[in-house]
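Student: My structure file protein_3.cif, mmCIF, C-alpha atoms, is below:
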```cif
data_work
#
loop_
_atom_site.label_atom_id
_atom_site.label_comp_id
_atom_site.auth_asym_id
_atom_site.auth_seq_id
_atom_site.Cartn_x
_atom_site.Cartn_y
_atom_site.Cartn_z
CA MET O 513 74.48 47.26 83.13
CA LYS O 514 77.37 49.42 82.10
CA SER O 515 75.01 51.43 79.91
CA ALA O 516 72.72 52.00 82.92
CA TYR O 517 75.66 53.47 84.88
CA ARG O 518 76.52 55.66 81.92
CA PHE O 519 72.90 56.86 81.81
CA VAL O 520 72.98 57.67 85.51
CA ALA O 521 76.26 59.56 85.11
CA VAL O 522 74.83 61.62 82.25
CA VAL O 523 71.69 62.41 84.27
CA ILE O 524 73.73 63.48 87.28
CA SER O 525 75.85 65.73 85.05
CA PHE O 526 72.67 67.37 83.71
CA VAL O 527 71.31 67.82 87.21
CA LEU O 528 74.55 69.43 88.35
CA LEU O 529 74.59 71.75 85.32
CA GLY O 530 70.95 72.68 85.94
CA THR O 531 71.73 73.49 89.57
CA VAL O 532 74.61 75.75 88.59
CA ALA O 533 72.56 77.58 85.93
CA ALA O 534 69.34 77.85 87.90
CA PRO O 535 70.15 80.16 90.85
CA PRO O 536 70.02 83.55 89.08
CA GLY O 537 66.60 82.86 87.63
CA ILE O 538 65.30 81.58 90.90
CA ALA O 539 66.86 84.48 92.77
CA GLN O 540 65.19 86.93 90.37
CA ASP O 541 61.86 85.27 90.92
CA GLN O 542 62.29 85.63 94.63
CA SER O 543 63.30 89.25 94.40
CA THR O 544 60.26 90.00 92.26
CA GLN O 545 57.96 88.31 94.65
CA ASN O 546 59.52 89.68 97.81
CA PRO O 547 60.76 93.25 97.30
CA PRO O 548 63.69 94.23 99.52
CA PRO O 549 62.93 96.37 102.55
CA ALA O 550 62.95 100.13 101.93
CA GLN O 551 66.42 101.68 102.03
CA THR O 552 67.25 104.24 104.63
CA ALA O 553 68.20 107.71 103.38
CA PRO O 554 71.99 107.32 103.79
CA GLN O 555 71.85 103.98 102.01
CA GLN O 556 69.95 105.58 99.15
CA ASP O 557 72.49 108.39 98.99
CA GLN O 558 75.32 105.92 98.91
CA SER O 559 73.76 103.85 96.18
CA GLN O 560 72.93 107.03 94.23
CA GLN O 561 76.50 108.25 94.58
CA GLY O 562 77.73 104.85 93.51
CA GLN O 563 75.46 104.97 90.49
CA GLU O 564 76.63 108.49 89.61
CA LYS O 565 80.26 107.41 89.92
CA ALA O 566 79.58 104.44 87.68
CA ASP O 567 77.90 106.74 85.16
CA LYS O 568 80.86 109.13 85.27
CA ASP O 569 83.32 106.29 84.75
CA LYS O 570 81.25 105.04 81.86
CA LYS O 571 81.28 108.50 80.28
CA LYS O 572 85.02 108.82 80.79
CA LYS O 573 85.54 105.52 79.03
CA LYS O 574 83.42 106.71 76.13
CA GLY O 575 85.37 109.98 76.16
CA GLY O 576 82.54 112.13 74.88
CA GLY O 577 80.74 113.92 77.70
CA PHE O 578 77.02 114.12 78.09
CA PHE O 579 76.17 114.11 74.41
CA GLY O 580 79.46 112.48 73.47
CA GLY O 581 78.07 109.60 71.51
CA LEU O 582 76.03 111.84 69.28
CA LYS O 583 78.56 113.69 67.24
CA ALA O 584 79.16 110.75 64.95
CA VAL O 585 75.43 110.44 64.36
CA ALA O 586 74.84 114.16 64.07
CA GLY O 587 77.35 115.14 61.44
CA SER O 588 79.28 113.89 58.48
CA SER O 589 83.07 113.60 58.70
CA SER O 590 83.60 116.93 56.93
CA GLU O 591 81.16 118.55 59.33
CA GLN O 592 83.08 117.06 62.22
CA GLN O 593 86.34 118.45 60.89
CA GLU O 594 84.72 121.84 60.59
CA ALA O 595 83.32 121.53 64.10
CA THR O 596 86.77 120.72 65.44
CA ARG O 597 88.17 123.75 63.68
CA THR O 598 85.51 126.12 64.97
CA ALA O 599 85.52 124.73 68.48
CA GLY O 600 89.29 124.88 68.74
CA SER O 601 89.50 128.22 70.49
CA LYS O 602 86.48 127.92 72.73
CA THR O 603 86.51 128.96 76.35
CA VAL O 604 86.01 125.83 78.37
CA GLY O 605 82.95 125.36 80.46
CA GLU O 606 80.77 128.46 80.06
CA GLY O 607 77.78 126.30 79.24
CA ALA O 608 78.67 123.95 82.07
CA GLN O 609 78.81 126.88 84.49
CA ILE O 610 75.38 128.05 83.40
CA GLY O 611 74.21 124.45 83.58
CA ASP O 612 75.32 124.29 87.19
CA ALA O 613 73.31 127.39 88.11
CA GLN O 614 70.52 126.62 90.55
CA PRO O 615 67.43 128.66 89.67
CA THR O 616 65.67 130.28 92.60
CA ALA O 617 61.91 130.65 92.89
CA ALA O 618 62.33 134.19 91.59
CA ASP O 619 64.21 132.93 88.52
CA ARG O 620 61.47 130.41 87.78
CA GLN O 621 58.89 133.16 88.24
CA ALA O 622 60.82 135.30 85.74
CA VAL O 623 60.62 132.44 83.21
CA SER O 624 56.89 132.13 83.87
CA ALA O 625 56.53 135.87 83.28
CA MET O 626 58.47 135.44 80.02
CA GLU O 627 56.04 132.70 78.99
CA ASN O 628 52.99 134.72 79.89
CA TYR O 629 54.21 137.86 78.18
CA SER O 630 52.61 138.44 74.83
CA VAL O 631 52.07 141.51 72.72
CA PRO O 632 48.46 141.76 71.52
CA ALA O 633 48.01 141.12 67.80
CA PRO O 634 46.72 144.67 67.04
CA GLU O 635 49.90 146.12 68.58
CA ILE O 636 52.04 143.83 66.43
CA LYS O 637 50.08 144.93 63.38
CA LYS O 638 50.55 148.61 64.28
CA PHE O 639 54.26 148.01 64.87
CA GLN O 640 54.61 146.44 61.42
CA ASP O 641 52.60 149.20 59.76
CA ASP O 642 54.65 151.91 61.49
CA GLY O 643 57.82 150.28 60.21
CA LYS O 644 56.36 149.88 56.71
CA LEU O 645 56.98 146.17 56.96
CA LYS O 646 54.87 144.06 54.67
CA PRO O 647 54.95 140.58 56.14
CA LYS O 648 53.61 137.64 54.17
CA GLN O 649 50.22 136.68 55.49
CA MET N 415 68.01 35.81 93.97
CA LYS N 416 68.14 38.72 96.37
CA LYS N 417 71.03 40.43 94.64
CA PRO N 418 69.34 40.95 91.21
CA MET N 419 66.16 42.22 92.93
CA LEU N 420 68.14 44.73 94.96
CA ARG N 421 69.95 45.86 91.80
CA ALA N 422 66.65 46.23 89.96
CA GLY N 423 65.15 48.27 92.85
CA TRP N 424 68.20 50.51 93.01
CA PHE N 425 68.10 50.99 89.26
CA TRP N 426 64.41 51.98 89.35
CA GLY N 427 65.15 54.38 92.20
CA VAL N 428 67.84 56.07 90.15
CA ARG N 429 65.51 56.29 87.16
CA ILE N 430 62.79 57.96 89.25
CA LEU N 431 65.34 60.36 90.71
CA ALA N 432 66.61 61.16 87.23
CA VAL N 433 63.10 61.89 85.95
CA LEU N 434 62.41 64.13 88.96
CA ALA N 435 65.70 65.95 88.39
CA LEU N 436 64.86 66.47 84.74
CA LEU N 437 61.43 67.81 85.67
CA GLY N 438 63.06 70.21 88.14
CA THR N 439 65.57 71.42 85.55
CA ALA N 440 62.76 71.95 83.05
CA ARG N 441 60.85 74.06 85.59
CA ASP N 442 63.96 76.18 86.23
CA ALA N 443 64.55 76.53 82.51
CA ARG N 444 60.94 77.64 82.05
CA ALA N 445 61.36 80.22 84.84
CA GLN N 446 64.58 81.47 83.26
CA PHE N 447 62.99 81.68 79.83
CA GLY N 448 60.09 83.60 81.36
CA ASN N 449 62.51 86.09 82.88
CA ILE N 450 64.39 86.52 79.62
CA LEU N 451 61.12 87.11 77.77
CA LYS N 452 59.97 89.61 80.40
CA LYS N 453 63.26 91.47 80.24
CA ALA N 454 63.19 91.54 76.43
CA THR N 455 59.66 92.95 76.46
CA GLU N 456 60.63 95.63 78.98
CA LYS N 457 63.73 96.50 76.94
CA ALA N 458 61.68 96.75 73.75
CA GLN N 459 59.19 99.06 75.47
CA THR N 460 62.01 101.26 76.81
CA VAL N 461 63.67 101.50 73.40
CA GLN N 462 60.33 102.26 71.76
CA LYS N 463 59.74 105.05 74.28
CA ALA N 464 63.25 106.41 73.78
CA MET N 465 62.86 106.41 69.99
CA ALA N 466 59.57 108.32 70.07
CA PRO N 467 59.79 112.05 69.31
CA MET N 468 59.36 114.31 72.31
CA THR N 469 55.94 115.80 72.74
CA VAL N 470 55.50 119.57 72.66
CA GLN N 471 54.80 119.47 76.40
CA GLU N 472 58.04 117.56 77.08
CA GLU N 473 59.92 119.98 74.84
CA ARG N 474 58.46 122.94 76.73
CA ASP N 475 59.33 121.39 80.11
CA VAL N 476 62.94 120.84 79.07
CA GLY N 477 63.19 124.33 77.54
CA ARG N 478 61.75 125.90 80.68
CA GLU N 479 64.51 124.32 82.75
CA VAL N 480 67.21 125.55 80.35
CA ALA N 481 65.62 129.02 80.43
CA ALA N 482 65.55 129.00 84.24
CA LYS N 483 69.27 128.22 84.38
CA ALA N 484 70.07 130.96 81.85
CA VAL N 485 68.02 133.46 83.86
CA ALA N 486 69.65 132.30 87.12
CA PHE N 487 73.12 132.80 85.65
CA PHE N 488 72.75 136.01 83.62
CA HIS N 489 69.55 137.58 85.03
CA LEU N 490 67.03 139.25 82.79
CA TYR N 491 67.64 142.81 81.66
CA LYS N 492 65.27 145.06 83.55
CA GLY N 493 63.61 147.19 80.92
CA ASP N 494 60.00 146.64 79.99
CA ALA N 495 60.12 148.85 76.90
CA LEU N 496 63.13 147.00 75.46
CA THR N 497 61.60 143.59 76.27
CA ARG N 498 58.43 144.65 74.50
CA TYR N 499 60.41 145.87 71.47
CA VAL N 500 62.40 142.62 71.21
CA ASN N 501 59.14 140.66 71.48
CA LEU N 502 57.58 142.77 68.70
CA VAL N 503 60.49 142.16 66.34
CA GLY N 504 60.73 138.50 67.40
CA SER N 505 57.01 137.87 66.95
CA THR N 506 57.12 139.48 63.50
CA VAL N 507 59.79 137.06 62.24
CA ALA N 508 58.51 134.04 64.22
CA ALA N 509 55.13 134.41 62.49
CA GLN N 510 56.91 133.38 59.27
CA SER N 511 58.31 130.17 60.76
CA GLU N 512 57.02 126.82 59.48
CA ARG N 513 56.67 125.72 63.07
CA GLN N 514 53.58 127.20 64.69
CA ASP N 515 52.74 124.46 67.21
CA ILE N 516 54.62 126.34 69.93
CA THR N 517 54.68 129.90 71.19
CA TYR N 518 57.94 131.81 70.85
CA HIS N 519 59.10 133.80 73.88
CA PHE N 520 61.81 136.46 73.71
CA ALA N 521 63.86 138.01 76.49
CA VAL N 522 66.98 140.13 76.96
CA LEU N 523 69.77 138.82 79.18
CA ASP N 524 71.79 141.27 81.24
CA SER N 525 75.19 140.38 79.81
CA VAL N 526 77.72 142.40 77.80
CA ASP N 527 78.82 139.28 75.93
CA ILE N 528 77.55 139.18 72.35
CA ASN N 529 75.29 136.15 72.40
CA ALA N 530 71.90 134.87 71.42
CA PHE N 531 70.56 131.38 71.87
CA SER N 532 67.38 129.41 71.90
CA ALA N 533 66.15 126.60 74.09
CA PRO N 534 63.61 123.95 73.11
CA GLY N 535 60.00 124.98 73.53
CA GLY N 536 60.38 128.44 71.99
CA TYR N 537 62.56 130.28 74.53
CA ILE N 538 64.83 132.77 72.77
CA PHE N 539 67.42 134.94 74.52
CA ILE N 540 69.56 137.78 73.27
CA THR N 541 72.12 139.57 75.42
CA ARG N 542 72.27 143.33 75.75
CA GLY N 543 75.80 143.01 74.34
CA ALA N 544 74.36 141.59 71.10
CA LEU N 545 71.69 144.29 71.00
CA ALA N 546 74.36 146.95 71.42
CA LEU N 547 76.22 145.53 68.41
CA CYS N 548 73.15 145.78 66.17
CA GLU N 549 72.88 148.99 64.18
CA ASP N 550 69.32 148.65 63.02
CA GLU N 551 66.16 146.62 63.45
CA SER N 552 66.80 144.42 60.44
CA GLU N 553 69.99 143.11 62.08
CA LEU N 554 68.11 142.32 65.28
CA ALA N 555 65.43 140.63 63.18
CA GLY N 556 68.13 138.56 61.47
CA VAL N 557 69.60 137.36 64.77
CA LEU N 558 66.22 136.49 66.28
CA ALA N 559 65.14 134.78 63.05
CA HIS N 560 68.27 132.61 63.18
CA GLU N 561 67.25 131.46 66.66
CA VAL N 562 63.68 130.84 65.53
CA GLY N 563 65.26 128.73 62.78
CA HIS N 564 66.94 126.50 65.38
CA ILE N 565 63.60 125.88 67.07
CA ALA N 566 61.75 125.34 63.80
CA GLY N 567 64.49 122.92 62.69
CA ARG N 568 64.25 121.14 66.07
CA HIS N 569 68.05 121.13 66.14
CA VAL N 570 68.54 120.80 69.90
CA LEU N 571 65.54 118.54 70.22
CA LYS N 572 66.94 116.08 67.69
CA ILE N 573 70.08 115.77 69.79
CA VAL N 574 68.05 115.07 72.91
CA GLU N 575 65.92 112.55 71.04
CA ARG N 576 68.97 110.78 69.63
CA ASP N 577 70.52 110.40 73.08
CA LYS N 578 68.79 107.18 74.04
CA ALA N 579 70.84 106.92 77.21
CA MET N 580 69.39 110.22 78.34
CA ARG N 581 65.82 109.31 77.56
CA ALA N 582 65.65 105.61 78.22
CA GLY N 583 64.48 104.11 81.44
CA MET N 584 63.22 107.33 82.98
CA ASP N 585 60.29 107.46 85.29
CA GLU N 586 58.38 110.09 83.34
CA ALA N 587 56.33 111.26 86.27
CA LYS N 588 59.48 112.33 88.09
CA ALA N 589 61.62 113.02 85.05
CA TYR N 590 59.89 116.17 83.85
CA THR N 591 59.42 117.78 87.23
CA PRO N 592 61.18 121.18 87.35
CA GLY N 593 64.45 120.92 89.24
CA SER N 594 64.45 117.09 89.29
CA ALA N 595 67.83 115.37 88.92
CA TYR N 596 66.85 114.29 85.42
CA MET N 597 65.90 117.81 84.34
CA GLN N 598 69.09 119.21 85.87
CA LYS N 599 71.15 116.72 83.91
CA MET N 600 69.28 117.23 80.66
CA SER N 601 69.26 121.04 80.80
CA LYS N 602 72.96 121.16 81.67
CA GLY N 603 73.68 118.82 78.78
CA ILE N 604 71.80 121.14 76.41
CA LEU N 605 73.64 124.23 77.68
CA VAL N 606 77.02 122.51 77.33
CA LYS N 607 76.08 121.49 73.82
CA LEU N 608 74.84 124.96 72.89
CA LEU N 609 77.50 127.13 74.49
CA ASP N 610 80.61 124.95 74.81
CA GLN N 611 80.50 122.33 72.09
CA GLY N 612 78.20 123.98 69.56
CA LEU N 613 75.60 122.41 67.34
CA ALA N 614 76.56 120.61 64.15
CA PRO N 615 77.73 123.14 61.53
CA GLY N 616 74.98 121.84 59.26
CA ASP N 617 72.39 122.90 61.82
CA GLU N 618 73.91 126.38 62.05
CA PHE N 619 73.84 126.78 58.29
CA ASP N 620 70.24 125.53 58.30
CA ALA N 621 69.27 128.08 60.97
CA ASP N 622 70.94 130.82 58.88
CA GLN N 623 68.98 129.79 55.79
CA ARG N 624 65.72 129.59 57.68
CA GLY N 625 66.47 132.89 59.43
CA ILE N 626 67.05 134.90 56.27
CA LYS N 627 63.90 133.38 54.79
CA TYR N 628 61.80 134.42 57.81
CA ALA N 629 63.32 137.91 57.93
CA HIS N 630 62.65 138.42 54.22
CA ALA N 631 59.10 137.09 54.51
CA ALA N 632 58.52 139.42 57.48
CA GLY N 633 59.38 142.41 55.30
CA TYR N 634 62.94 143.09 56.45
CA PRO N 635 66.00 143.04 54.18
CA ALA N 636 67.26 139.46 54.08
CA ASP N 637 70.87 140.45 54.74
CA GLY N 638 70.39 141.69 58.34
CA LEU N 639 72.00 138.57 59.79
CA GLN N 640 74.89 138.82 57.32
CA ARG N 641 75.64 142.42 58.37
CA PHE N 642 75.42 141.46 62.06
CA LEU N 643 77.80 138.54 61.57
CA THR N 644 80.38 140.75 59.86
CA LYS N 645 80.36 143.10 62.85
CA LEU N 646 80.42 140.19 65.29
CA ASN N 647 83.53 138.87 63.61
CA GLN N 648 85.24 142.23 63.93
CA ALA N 649 84.12 142.64 67.55
CA THR N 650 85.44 139.25 68.63
CA GLU N 651 88.72 139.88 66.84
CA GLN N 652 89.02 142.97 69.01
CA GLY N 653 88.43 140.99 72.20
CA GLY N 654 84.64 140.80 72.38
CA GLN N 655 83.25 137.62 73.93
CA SER N 656 80.80 135.48 72.01
CA PHE N 657 80.22 131.77 71.80
CA TRP N 658 78.80 132.43 68.33
CA THR N 659 82.33 132.76 66.97
CA ARG N 660 83.74 130.05 69.23
CA THR N 661 81.26 127.30 68.45
CA HIS N 662 79.61 128.29 65.18
CA PRO N 663 81.06 127.77 61.70
CA PRO N 664 83.42 130.55 60.54
CA VAL N 665 81.61 133.79 59.69
CA PRO N 666 83.03 134.04 56.13
CA ASP N 667 81.60 130.58 55.34
CA ARG N 668 78.23 131.50 56.79
CA ASN N 669 78.09 134.85 55.04
CA ALA N 670 79.10 133.28 51.74
CA ARG N 671 76.19 130.84 51.94
CA ILE N 672 73.76 133.58 52.97
CA GLY N 673 74.97 135.69 50.04
CA GLN N 674 74.49 132.80 47.63
CA THR N 675 70.88 132.29 48.75
CA ILE N 676 70.04 136.00 48.61
CA SER N 677 71.47 136.15 45.12
CA ALA N 678 69.77 132.95 43.95
CA GLN N 679 66.41 134.05 45.35
CA HIS N 680 66.81 137.63 44.08
CA TRP N 681 66.33 138.97 47.60
CA GLU N 682 68.57 142.02 47.18
CA ASP N 683 66.11 144.11 49.17
CA THR N 684 67.60 147.57 48.81
CA ASP N 685 64.21 149.24 49.15
CA ARG N 686 63.20 147.42 52.32
CA PRO N 687 63.28 149.24 55.69
CA LYS N 688 66.28 148.66 57.95
CA LEU N 689 64.62 150.81 60.62
CA ALA N 690 67.78 152.25 62.12
CA ASP N 691 65.95 155.25 63.64
CA ARG N 692 63.33 153.17 65.41
CA PHE N 693 66.02 150.82 66.67
CA ALA N 694 68.06 153.76 68.03
CA ILE N 695 65.05 155.10 69.93
CA GLU N 696 64.04 151.71 71.36
CA THR N 697 67.57 150.84 72.49
CA LYS N 698 68.51 154.30 73.76
CA ALA N 699 68.26 153.27 77.42
CA LEU N 700 70.45 150.26 76.76
CA LYS N 701 73.16 152.30 75.12
CA GLU N 702 73.01 154.85 77.92
CA LYS N 703 73.50 152.03 80.43
CA LYS N 704 76.51 150.84 78.46
CA ALA N 705 78.00 154.31 78.56
#
```
Kindly present the structure from the file in C-alpha cells form.

Tutor:
Amino acid sequence: MKSAYRFVAVVISFVLLGTVAAPPGIAQDQSTQNPPPAQTAPQQDQSQQGQEKADKDKKKKKGGGFFGGLKAVAGSSSEQQEATRTAGSKTVGEGAQIGDAQPTAADRQAVSAMENYSVPAPEIKKFQDDGKLKPKQ
Amino acid sequence: MKKPMLRAGWFWGVRILAVLALLGTARDARAQFGNILKKATEKAQTVQKAMAPMTVQEERDVGREVAAKAVAFFHLYKGDALTRYVNLVGSTVAAQSERQDITYHFAVLDSVDINAFSAPGGYIFITRGALALCEDESELAGVLAHEVGHIAGRHVLKIVERDKAMRAGMDEAKAYTPGSAYMQKMSKGILVKLLDQGLAPGDEFDADQRGIKYAHAAGYPADGLQRFLTKLNQATEQGGQSFWTRTHPPVPDRNARIGQTISAQHWEDTDRPKLADRFAIETKALKEKKA
C-alpha cells in the first residue's frame, strides 16, 4: 500500500509541475484565438514610445549606435584602427542632423526630377566627341 | 469487509484522476510544443528574409529617402546648365561601371563644404564647394567615378543588409513607404554612417580603385581623383570643411595606392584630355556666385 501512496504522491507532483508550466502556452493560445481589442491612439503612442525607449536603452547597452554592431563584421582589426584614426577629428552629428531633416513635398519632387532627368544618348556622344574622350565601348 | 472495498474504490479513483491529469499535462505539453515550433518557423522565415540581399527596388526606395533628406538639408543648386554638365560627366564615367542594373543620377548640392557622396540606388551628390575645388573636368570625373564605385561595390547596401536588426521583422508593405518610421530610421542610419562614422577604409580604397578604373576607361586621365585629393587635403588644412578628410582614410595613403595602380597598369595618361577649358566655361556661373 505504501507504494500506492508513493505513486499518488509522484502523480500529484507531476500534475502540480504541469500546472505551473502550462499557463504561458495556454495564455498564448488564447491570445492567438482572441485578439485584444484595438488600442486607442494614446495607448498606441505610449506603447510606441515605450518600445522606442527600450530600443534606445538596448542600443546604449551595446554602445554602438544604429549600425554599431557592424563595425566588427565590416572591417579587420587593422582597418578598425585606421578608422579610429581617421574618424578621430570628425565633427559630431552632421550626418545625424541631415538624417533628422524632414523632406517637404517640394524636396521629394526635386528628387523625382533628379530621377527623371537624363541626357539623351546622342548628346552624351557629342559631349564625349567634343572633349576628345575615347570611352571603352 | 467494508474497509478493504472502500480502500480499493479510493485507490481506483486516484488512479483515474492520475490518468486524467497525465492526459491533461500531455495536451498542454503538445500545445506548448506547437507554439515553440510555430515560433521557430516564424523566426527562421524572418532570418531568411533578413539574410536575403535587397532587391533593386528596395535599394532605390531607401536611396530615394536618403536623397530626399540630403535635398531637404542642403537644397539643390539652381543651375540647369551645371546640372546638365555634371550629369554628362557622371554618365560618361558611370557607363564604365560593372553595375548597370540601376540608373545613376547626379545632382549638385548648394553647399560650400567640399563633399560628395552617394546613396543606394544610384543617387550621387556633389557640393558646389567640391566643384569649385576642381580645376578641370578630369578631377570632377575622378570624384564622381569614386562615388559610382561605392554604388557598384554596394558598400552602403552591404551594411544595411548585414544589419539584421534593421531588416528583420519589418512589415514590408509599410516599411518601404516614403517617410515611414522605418524609412526615416534607415535613411538616418545611412547618413550617420556616411557622414559621421565613415565607411570601412577598405570600402573607400575599393571605391578609389574602381573610380580610377572607370575614369581611365571613360577616356580621362586616371589621376584626376589623386589630384583632387591632394587639393582637398590642402583645403581642409586651411580650414575647409569636408567629411571626406574626417571620415575617409588619410589622403597620402589613398594617393599612394592610386599611384601604385596607375603605375602597375601603365595608366600614365599624359596625352589624355583634362579639359580644363571646358570645365572653366561650364562652372563659370558657379565661380561667379562664389565671388

Student: Just to confirm, what's the straight-line distance from atom CA of N:Lys703 to atom CA of N:Tyr499 in Å (one decimal)?

Tutor: 17.0 Å

Student: How many Å lie between atom CA of N:Thr675 and atom CA of N:Ala636, rounded to one decimal?

Tutor: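 These two atoms are separated by 9.6 Å.
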
Student: Excluding same-chain residues fewer than 5 positions from O:Arg620, what lies within 12 Å of it counting only C-alpha atoms, as a compact mmCIF listing (two decimals) with C-alpha atoms, in the frame of the given file?

Tutor:
```txt
# COMPACT_ATOMS: atom_id res chain seq x y z
CA GLN O 614 70.52 126.62 90.55
CA PRO O 615 67.43 128.66 89.67
CA ALA O 625 56.53 135.87 83.28
CA MET O 626 58.47 135.44 80.02
CA GLU O 627 56.04 132.70 78.99
CA ARG N 478 61.75 125.90 80.68
CA GLU N 479 64.51 124.32 82.75
CA VAL N 480 67.21 125.55 80.35
CA ALA N 481 65.62 129.02 80.43
CA ALA N 482 65.55 129.00 84.24
CA LYS N 483 69.27 128.22 84.38
CA ALA N 484 70.07 130.96 81.85
CA VAL N 485 68.02 133.46 83.86
CA ALA N 486 69.65 132.30 87.12
CA HIS N 489 69.55 137.58 85.03
CA LEU N 490 67.03 139.25 82.79
CA PRO N 592 61.18 121.18 87.35
CA GLY N 593 64.45 120.92 89.24
```

Student: May I ask for the distance between atom CA of O:Val631 and atom CA of N:Ala533, given in Å to one decimal place?

Tutor: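 Atom CA of N:Ala533 lies 20.6 Å from atom CA of O:Val631.
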
Student: Rank nothing, just name the residue among N:Val470, N:Leu554, N:Leu639, N:Val476 nearest to N:Met600, using all atoms listed in the file.

Tutor: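 Result for the nearest residue to N:Met600: N:Val476.
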
Student: Compare O:Ala633, O:Gln621, O:Arg518, O:Lys646 by their minimum atom-to-atom distance to chain N, counting only C-alpha atoms, and give me the closest one.

Tutor: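 The answer is O:Lys646, which sits nearest to chain N.
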
Student: For the PyMOL selection byres ((chain N and resi 633) around 6), applied here, can you spell out every residue it catches as a PDB file with C-alpha atoms, in the frame of the given file?

Tutor:
```
ATOM      1  CA  LEU O 645      56.980 146.170  56.960  1.00  0.00           C
ATOM      2  CA  LYS O 646      54.870 144.060  54.670  1.00  0.00           C
ATOM      3  CA  PRO O 647      54.950 140.580  56.140  1.00  0.00           C
TER       4      PRO O 647
ATOM      5  CA  HIS N 630      62.650 138.420  54.220  1.00  0.00           C
ATOM      6  CA  ALA N 631      59.100 137.090  54.510  1.00  0.00           C
ATOM      7  CA  ALA N 632      58.520 139.420  57.480  1.00  0.00           C
ATOM      8  CA  TYR N 634      62.940 143.090  56.450  1.00  0.00           C
TER       9      TYR N 634
END
```

Student: Please write as a list in words the full residue list that the PyMOL selection byres ((chain N and resi 626) around 9) yields on this file.

Tutor: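 When the PyMOL selection byres ((chain N and resi 626) around 9) is applied to the shown file, the picked residues are Gly556, Ala559, His560, Ala621, Asp622, Gln623, Arg624, Gly625, Lys627, Tyr628, Ala629, His630, Ala631, Pro635, Ala636, Asp637, Gly638, Leu639, Gln640, Ile672, Thr675 and Ile676 of chain N.
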
Student: Determine, counting only C-alpha atoms, which protein, DNA and RNA residues have an atom within 12 Å of an atom of N:Asp494; residues of the same chain fewer than 3 positions away are not included. Present the result as a ChimeraX atom specification.

Tutor: /O:625-626,629,631 /N:490-491,497-501,521-522,696-697,699-700

Student: Could you check the closest approach to chain N for each of O:Lys648, O:Pro634, O:Ala618, O:Asn628 and tell me which residue wins, using all atoms listed in the file?

Tutor: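 Result for the nearest residue to chain N: O:Lys648.
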
Student: On this file, the PyMOL selection byres ((chain N and resi 545) around 12) gives some set of residues; write that set as a VMD selection string.

Tutor: chain N and resid 491 496 to 497 499 to 500 521 to 530 539 to 544 546 to 558 642 645 to 646 693 to 694 696 to 701 704

Student: Between N:Leu613, N:Val562, N:Val570, N:Leu689, which has the minimum distance to N:Met468 (counting all atoms listed in the file)?

Tutor: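 Counting all atoms listed in the file, the residue closest to N:Met468 is N:Val570.
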
Student: Considering only C-alpha atoms, return as a list of chain:residue names whatever protein or nucleic-acid residues lie within 12 Å of O:Gln609, sequence-local ones (same chain, fewer than 2 positions apart) excluded.

Tutor: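 Surrounding residues, per the criterion: O:Thr603, O:Val604, O:Gly605, O:Glu606, O:Gly607, O:Gly611, O:Asp612, O:Ala613, O:Gln614, N:Lys483, N:Ala484, N:Ala486, N:Phe487, N:Phe488, N:Ser601, N:Lys602, N:Gly603, N:Leu605, N:Val606, N:Leu609, N:Asp610.
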
Student: Skip stretch 664-671 of chain N itself and residues of its chain fewer than 5 positions away, then list as JSON, numbers by chain all residues within 8 Å of it, counting all atoms listed in the file.

Tutor: {"O": [598], "N": [619, 622, 640, 643, 644, 647, 659]}
